[in-house]
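Just below is one structure, and these are the notes that go with it.
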Amino acid sequence: MIRCARCEGPLYHTKAKGQPRQEDHKQGCEAFITAIQVTRYVDELKRSASESAVAWGRSWRRRYLRENAKKLSVAACESDPAAAISALGHSYQAQCSTSSKRGKAAEQTEMAKMLMQACRQLALGQNPAPIARPM
């Protein structure tokens with residue numbers, strides 16, 4: 001059984017439910033607190049994706065937000081959510097440095113930058129900036 005990297009609690013309920021569960025952690029476990037912060041951010045990403053009133057041709061934004069919400073959810077359930085979120089932040093950083101600066105790619109780069117910054121904040125146990133809503 002996978003255990004929490006901080007409190008050594010078995011992550012049975014977390015893995016079974018696919019979301020961080022208090023019963024898997026000791027009171028005040030920093031990993032659980034980080035996981036809950038990530039879960040709140042995931043909820044905000046999902047809300048942003050569903051509220052996205054963009055033109056039909058830009059449905060990629062909704063898809064991008066949903067796909068990355070799933071990645072963050074998986075990271076929140078890891079034994080060390082801060083390390084998993086940090087690694088995810090590095091992948092967003094790589095996306096930013098390899099993407100084009102024009103058209104759709106420029107928008108994807110901006111979104112990757114937003115997610116990279118959010119991951120950095122979450123890995124430090126801080127709340128990230130609110131998600132920019134599309135116009």
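Note on naming: chains are A, B, ... as they come in the structure tokens, residues start from 1 per chain, ligands start from 1 in the order shown.
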
Quiz item: Can you tell me, as an NGL selection string, what residues are no more than 12 Å from region 104-119 of chain A when counting only C-alpha atoms, ignoring any on the same chain fewer than 4 positions away?
Solution: :A and (34-35 or 37-38 or 40-42 or 44-45 or 57-65 or 67-69 or 71-72 or 75-76 or 81-100 or 123-134)

Exercise. If you run DSSP over the backbone, which residues in region 5-121 of chain A end up helix (DSSP H, G or I)? Put them as number ranges by chain.
Key: A: 12-17, 22-24, 30-51, 56-58, 60-76, 81-98, 103-121

Exercise. Compare A:Glu51, A:Asp43, A:Glu30, A:Glu78 by their minimum atom-to-atom distance to Pro10 (chain A), counting only C-alpha atoms, and give me the closest one.
Key: A:Glu78

Practice problem: Pick out the residues sitting within 9 Å of Gln19 (chain A), and hand them over as a PyMOL selection string; count only C-alpha atoms, and ignore anything fewer than 6 positions along from it in its own chain. | Solution: chain A and resi 13+35-36+39+73-74+76-77

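Every protein or nucleic acid residue with an atom no more than 7 Å from Ala5 (chain A), counting only C-alpha atoms and leaving out same-chain residues fewer than 3 positions away, appears here: Glu8, Ser79 and Asp80 of chain A.
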
Save the residues we just selected, C-alpha atoms, as an mmCIF file, in the first residue's frame?
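New file out_15.cif:
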```cif
data_model
loop_
_atom_site.group_PDB
_atom_site.id
_atom_site.type_symbol
_atom_site.label_atom_id
_atom_site.label_comp_id
_atom_site.auth_asym_id
_atom_site.auth_seq_id
_atom_site.Cartn_x
_atom_site.Cartn_y
_atom_site.Cartn_z
ATOM 1 C CA GLU A 8 3.107 7.653 6.838
ATOM 2 C CA SER A 79 2.097 10.175 -1.578
ATOM 3 C CA ASP A 80 3.870 13.557 -1.806
#
```

Practice problem: Have a look at CA of Ile33 (chain A) and CA of Ile2 (chain A) and let me know their distance in Å, one decimal. | Solution: 17.9 Å

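Our summary of the geometry notes that CA of Lys70 (chain A) is positioned 22.4 Å from CA of Met1 (chain A).
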